[in-house]
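**Q** Got a structure for you, questions after.
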Amino acid sequence: MVKSTGFVAAVLFGLLATPTLAQDAPVLTIYTYDGFAAEWGPGPALKAGFEAICGGCSVEWIAADSSIGTLRRVQLEGDTTQADLIVGLDTAIAGEARATGLFADHGLDLSGLTLPEAWTDAQFVPFDYAHFAFVYDSDSVATPPKSFEELIALPADFKIAIQDPRSATPGLGLVLWIRAAYGDRAPEIWAGLKPHILTITREWSESYNLFLTGEADMALSYTTSPAYHIIAEDDQTIHAALFDEGHLAQTEVAGILKSSQHQELARQFLAYLSSAEGQKIMPSTNWMMPVTDLGDALDPVFKALPQPSTTLTLTDAEIAANAKAWIDEMLTAVQ
Amino acid sequence: MLTLPVRPARIAIAIGLALAIVGLIALVLWAILAAATGSEGTASRIDIPHLLRMTTLQASLTTVLSLTVGMALAWALNRLRFPGRDLLVGLFASAIVTPGMVVAFGLLDIWGRNGWINQASDALLGFPLGNPAFGLSGILLAHVILDGAFAARILLARLDAIPAERLKTGQSLGLTAQQRFAILDWPAMRGTMPGLAAIIFLLAFTSFPIVLLLGGGPGNQTLEVAIYAAVRQDFDLTGAVHLALTQIAVCSGVILIAAALAPIPTSFGASIAPTWRDRPLARVLQTLILLTCSIGFVLPLASVLVDGLGTGMGSLLTQSTFWQAALSSLLIGTASAILTLALALGLALGRAATDHGILRTLLGMPVFAYLAVPAVVLSLGFFLLVRNLGVAPAAAAPFVVILANSLLALPFAIATLGPPLEAIARTRGKLIRSLDLSGWRQFITVEYPLLGKDIGVMLALAFCFSLGDLGVVALFGTQDFQTLPLMMFRALGSYRSNDAAAIAAILLVGTIIAFVGLPRLFSRIANAAR
């Protein structure tokens with residue numbers, strides 16, 4: 001018995017010990033969410049790409065369970081954090097992240113990016129984006145709604161699956177989207193949506209699975225979701241429903257921590273991440289749009305994705321000041 | 001009652017373990033409060049009384065339904081013999097240790113709008129039957145599938161352990177099916193009931209993803225959801241600890257009742273496969289119960305297997321990360337099963353060795369501690385503790401997961417091992433005293449041989465819990481350390497639902513193998529030792 005537990009411990013140590021690295025090579029430690037660091041995510045390719053050009057550094061991903069989890073972890077760790085960078089926050093929590101005072105200015109010139117809006121943030125560097133949208137299957141939904149109001153007007157057995165704004169990024173995105181589109185009419189829209197809400201799940205993946213298994217007619221996701229099904233599964237039936245009100249975009253961002261000992265290296269990483277070389281990796285691994293013009297290097301499937309005519313926006317300050325009240329408003333309306 | 005052998009060492013070990021568990025929970029909460037100083041707490045926006053009312057209602061209904069279904073199913077399984085029975089018993093037991101989301105999606109495959117039942121009725125009758133899978137009914141259905149089948153497994157173990165001589169006496173007296181249940185079955189199951197009820201209540205009270213997935217909206221949420229929001233979204237650590245304490249307080253009431261009420265079982269002995277059949281009417285009822293439960297419980301799991309054995313399996317098996325994750329899961333499951341066995345024996349032997357009512361209650365309570373504490377709070381607290389100790393979280397992750405999984409499995413282990421140990425101490429106490437056996441000899445010559453099969457069931461439970469649990473790794477996150485469930489959720493979060501379905505099927509198969517194999521194996525080993 002003793003022998004076997006000793007063996008288990010030894011194997012565990014062997015299996016899990018982080019590889020010891022040569023003293024002289026700087027290690028860039030990056031916190032991210034787990035899908036980003038997964039073997040099919042952008043993490044491994046970005047690591048390889050950056051290590052090839054940084055002149056003897058190495059990149060270590062540390063994956064938390066969610067994007068907000070990375071922020072909470074550095075908040076808990078404060079100045080003692082190992083992290084040099086966080087990759088994977090988004091514009092909905094950027095204001096809150098900025099307010100922690102933990103992030104340094106990136107000092108990069110980002111005027112060449114091709115986002116829906118010009119990028120002016122001093123701390124955070126965008127690395128991909130997509131608009132929030134409801135996805136539908138054209139085999140079962142012939143005429144998708146073209147606005148929230150059309151969705152509300154559909155029969156009550158037309159069901160949507162959405163996410164809890166307190167636990168899932170797109171769930172918060174929908175709250176902000178409706179607020180950006182309808183302002184103070186938001187509670188009215190939520191009350192109208194209520195009969196159509198099949199359920200409010202904890203994670204995006206659960207809503208999306210409800211949609212894929214046919215339990216819900218539409219799920220809250222991204223305009224880029226159809227690209228996965230076309231490229232990975234050769235399935236042309238999944239589409240994003242474009243709404244006339246316009247769509248809010250989720251832009252994923254990265255930032256350098258002030259406490260990092262490798263400020264210059266971290267800056268180089270951000271420059272690489274937002275360069276064409278780094279951006280080439282994003283579309284087919286993270287299933288989001290690149291933030292630079294990749295020209296022919298962008299898969300034609302992404303180029304052909306229908307894009308919303310209007311991009312709605314809310315400022316960091318508005319979000320940081322009102323998000324809690326808006327979430328309450330939504331929870332009350334659908335209660 | 002001087003028949004109990006004097007075992008001060010056993011009692012001391014049990015008290016030590018109980019204090020250690022309570023101390024650990026206190027440390028976890030303290031670590032969070034210590035970290036919270038400085039972070040401003042926002043006023044709670046949550047209607048706590050409403051959440052408590054809803055959660056208590058839902059958990060009470062779940063408990064009553066699960067125990068009723070579990071009892072009926074155990075009764076039917078105990079009486080009926082048919083090919084594939086062991087496999088079916090294994091399948092029933094596997095529900096509770098399969099990740100809740102997997103079972104919930106299996107349920108939707110059958111009962112959902114687009115599920116088998118609605119498709120069948122649409123094809124046969126021309127209209128779908130509707131969608132009972134969402135709202136309170138959906139939550140209850142999922143919980144009863146998880147917990148009722150589990151209750152049946154534990155209760156079946158008690159029925160199977162009814163001594164052969166009692167059955168022979170009963171048969172020769174010509175007891176009717178009702179009399180047999182009241183005189184023989186119920187006393188055998190009664191000892192496990194309070195513990196089982198407490199476990200099921202706590203599981204339902206703290207249920208999170210299922211409640212969100214099938215609840216249909218914020219009206220059906222649990223306190224656990226509010227605590228999650230306080231920790232993750234509002235980062236209000238003080239508020240989170242207060243909410244956690246509220247949950248612990250409510251749960252402690254339930255635990256206290258369970259720990260105090262658990263009666264002491266009085267019969268235990270070698271059992272054999274019964275030859276005593278109930279009358280035809282009872283057998284028809286038993287067959288009906290079994291058929292209904294099989295359709296209700298086994299079909300959702302079968303659909304998980306069907307989904308998983310499809311397109312995803314081939315590509316999954318070629319991924320090296322899958323094999324790494326599988327190895328990690330096996331090692332962690334084995335380690336935590338062994339740790340659970342040690343903890344459960346330590347606590348249960350000590351508790352069985354005393355007649356002191358208050359001491360018995362106090363020793364019974366910490367067993368459930370882990371179920372009452374919200375997972376997100378434990379995860380955060382363990383993370384802070386590990387950091388305060390100066391250990392890198394990534395290096396500590398596997399050990400924390402093993403410990404956490406063991407504590408999670410502990411109440412189930414005690415529900416399995418506690419009643420037979422109590423019964424042995426009481427029925428064999430005089431003999432042990434007259435032979436003047438030492439505590440060690442008592443365990444090796446008396447308790448272990450009689451417990452063999454129960455130890456197998458318990459190890460299977462603990463192993464599978466560990467296999468299926470996401471545990472507390474959330475904040476520890478490292479890319480190098482992943483278990484199968486973690487890999488499954490990562491795959492789900494990246495559109496890769498085929499991979500996820502395949503992993504779910506593999507987890508389920510592993511669980512069934514463990515449940516069918518381990519009890520047999522340990523029964524054989526223990527009998528060989530005798």
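All residue names refer to the structure tokens as shown: chains lettered A, B, ... in order, residues numbered from 1 in each chain, ligands numbered from 1 in order.
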Name the residues in contact with segment 323-327 of chain A at a cut-off of 8 Å, using only C-alpha atoms, excluding same-chain residues fewer than 3 positions from it; report them as a ChimeraX atom specification.
**A** /A:165-166,172,175-176,179,318-320,330-331
**Q** Can you tell me, as a ChimeraX atom specification, which residues in segment 41-160 of chain A count as strand (DSSP E or B) by DSSP?
**A** /A:58-64,85-90,103-104,124-137,160
**Q** Output C-alpha atoms of each residue in that selection to a file, as a PDB file, in the first residue's frame.
**A**
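Final file, again06.pdb:
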```pdb
ATOM      1  CA  SER A  58      10.263  31.023 -23.445  1.00  0.00           C
ATOM      2  CA  VAL A  59       6.520  31.463 -23.071  1.00  0.00           C
ATOM      3  CA  GLU A  60       4.554  29.740 -20.334  1.00  0.00           C
ATOM      4  CA  TRP A  61       0.746  29.756 -20.450  1.00  0.00           C
ATOM      5  CA  ILE A  62      -1.136  29.470 -17.184  1.00  0.00           C
ATOM      6  CA  ALA A  63      -4.759  28.736 -17.883  1.00  0.00           C
ATOM      7  CA  ALA A  64      -7.578  29.770 -15.547  1.00  0.00           C
ATOM      8  CA  LEU A  85       0.695  39.470 -19.089  1.00  0.00           C
ATOM      9  CA  ILE A  86      -2.976  38.608 -19.191  1.00  0.00           C
ATOM     10  CA  VAL A  87      -4.255  37.566 -22.588  1.00  0.00           C
ATOM     11  CA  GLY A  88      -7.996  37.135 -22.912  1.00  0.00           C
ATOM     12  CA  LEU A  89      -9.839  39.889 -21.076  1.00  0.00           C
ATOM     13  CA  ASP A  90     -12.497  41.638 -23.087  1.00  0.00           C
ATOM     14  CA  PHE A 103      -1.827  47.225 -15.709  1.00  0.00           C
ATOM     15  CA  ALA A 104       0.973  49.161 -17.397  1.00  0.00           C
ATOM     16  CA  PHE A 124      -4.988  47.038 -23.486  1.00  0.00           C
ATOM     17  CA  VAL A 125      -4.115  45.643 -26.898  1.00  0.00           C
ATOM     18  CA  PRO A 126      -6.914  43.955 -28.878  1.00  0.00           C
ATOM     19  CA  PHE A 127      -6.161  40.605 -30.488  1.00  0.00           C
ATOM     20  CA  ASP A 128      -9.470  39.424 -31.930  1.00  0.00           C
ATOM     21  CA  TYR A 129     -13.130  40.364 -32.048  1.00  0.00           C
ATOM     22  CA  ALA A 130     -16.568  39.203 -33.061  1.00  0.00           C
ATOM     23  CA  HIS A 131     -20.069  40.580 -32.756  1.00  0.00           C
ATOM     24  CA  PHE A 132     -22.505  38.962 -30.388  1.00  0.00           C
ATOM     25  CA  ALA A 133     -25.313  37.367 -32.349  1.00  0.00           C
ATOM     26  CA  PHE A 134     -27.936  34.670 -32.166  1.00  0.00           C
ATOM     27  CA  VAL A 135     -27.129  31.659 -34.296  1.00  0.00           C
ATOM     28  CA  TYR A 136     -29.768  29.552 -36.028  1.00  0.00           C
ATOM     29  CA  ASP A 137     -29.944  26.454 -38.193  1.00  0.00           C
ATOM     30  CA  ILE A 160     -33.620  30.936 -27.344  1.00  0.00           C
TER      31      ILE A 160
END
```
**Q** Using DSSP assignments from the backbone, pull out every residue in segment 201-335 of chain A that falls under alpha helix (DSSP H) and give it to me as a VMD selection string.
**A** chain A and resid 204 to 212 225 to 233 263 to 273 276 to 279 282 to 286 300 to 304 316 to 334
**Q** Could you name the residues that touch Leu312 of chain A at 10 Å or less, counting only C-alpha atoms, but leaving out those on the same chain fewer than 6 positions away, as a list in words?
**A**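 Answer for this query is Pro116, Glu117, His131, Leu176, Trp177, Ile178, Arg179, Ala180, Ala181, Glu245, Gly246, His247, Leu248 and Ala249 of chain A.
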**Q** Using 7 Å as the limit and counting only C-alpha atoms, can you tabulate each residue of chain A that touches chain B, with its shortest atom-to-atom distance in Å and the two atoms involved, as JSON lines?
**A**
```
{"residue": "A:Thr5", "atom": "CA", "partner": "B:Ala335", "partner_atom": "CA", "distance": 6.8}
{"residue": "A:Val8", "atom": "CA", "partner": "B:Leu331", "partner_atom": "CA", "distance": 6.3}
{"residue": "A:Leu16", "atom": "CA", "partner": "B:Phe481", "partner_atom": "CA", "distance": 6.2}
{"residue": "A:Ala17", "atom": "CA", "partner": "B:Ala395", "partner_atom": "CA", "distance": 6.4}
{"residue": "A:Asp34", "atom": "CA", "partner": "B:Arg490", "partner_atom": "CA", "distance": 6.6}
{"residue": "A:Gly35", "atom": "CA", "partner": "B:Arg490", "partner_atom": "CA", "distance": 5.7}
{"residue": "A:Ala37", "atom": "CA", "partner": "B:Gln479", "partner_atom": "CA", "distance": 6.6}
{"residue": "A:Trp61", "atom": "CA", "partner": "B:Gln479", "partner_atom": "CA", "distance": 6.8}
{"residue": "A:Ile62", "atom": "CA", "partner": "B:Thr478", "partner_atom": "CA", "distance": 5.0}
{"residue": "A:Ala63", "atom": "CA", "partner": "B:Gly477", "partner_atom": "CA", "distance": 4.9}
{"residue": "A:Ala64", "atom": "CA", "partner": "B:Gly477", "partner_atom": "CA", "distance": 4.6}
{"residue": "A:Asp65", "atom": "CA", "partner": "B:Ala474", "partner_atom": "CA", "distance": 5.1}
{"residue": "A:Gly69", "atom": "CA", "partner": "B:Leu475", "partner_atom": "CA", "distance": 6.9}
{"residue": "A:Arg166", "atom": "CA", "partner": "B:Ala229", "partner_atom": "CA", "distance": 5.5}
{"residue": "A:Ser167", "atom": "CA", "partner": "B:Ala229", "partner_atom": "CA", "distance": 6.7}
{"residue": "A:Leu198", "atom": "CA", "partner": "B:Gly216", "partner_atom": "CA", "distance": 5.7}
{"residue": "A:Thr199", "atom": "CA", "partner": "B:Gly216", "partner_atom": "CA", "distance": 3.8}
{"residue": "A:Ile200", "atom": "CA", "partner": "B:Gly217", "partner_atom": "CA", "distance": 5.5}
{"residue": "A:Thr201", "atom": "CA", "partner": "B:Leu213", "partner_atom": "CA", "distance": 4.8}
{"residue": "A:Arg202", "atom": "CA", "partner": "B:Leu212", "partner_atom": "CA", "distance": 6.1}
{"residue": "A:Ser205", "atom": "CA", "partner": "B:Gly493", "partner_atom": "CA", "distance": 5.1}
{"residue": "A:Gly214", "atom": "CA", "partner": "B:Asn114", "partner_atom": "CA", "distance": 5.7}
{"residue": "A:Glu215", "atom": "CA", "partner": "B:Arg113", "partner_atom": "CA", "distance": 5.6}
{"residue": "A:Leu331", "atom": "CA", "partner": "B:Pro218", "partner_atom": "CA", "distance": 6.6}
{"residue": "A:Gln335", "atom": "CA", "partner": "B:Gly219", "partner_atom": "CA", "distance": 5.2}
```
**Q** At what distance in Å, to one decimal, does atom CA of Phe302 of chain A lie from atom CA of Phe148 of chain A?
**A**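 Separation between atom CA of Phe148 of chain A and atom CA of Phe302 of chain A: 25.1 Å.
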**Q** For Ile152 of chain A, which of A:Glu188, A:Glu77, A:Asp328, A:Glu51 is the closest residue, counting only C-alpha atoms?
**A**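 Using only C-alpha atoms, Ile152 of chain A sits closest to A:Glu188.
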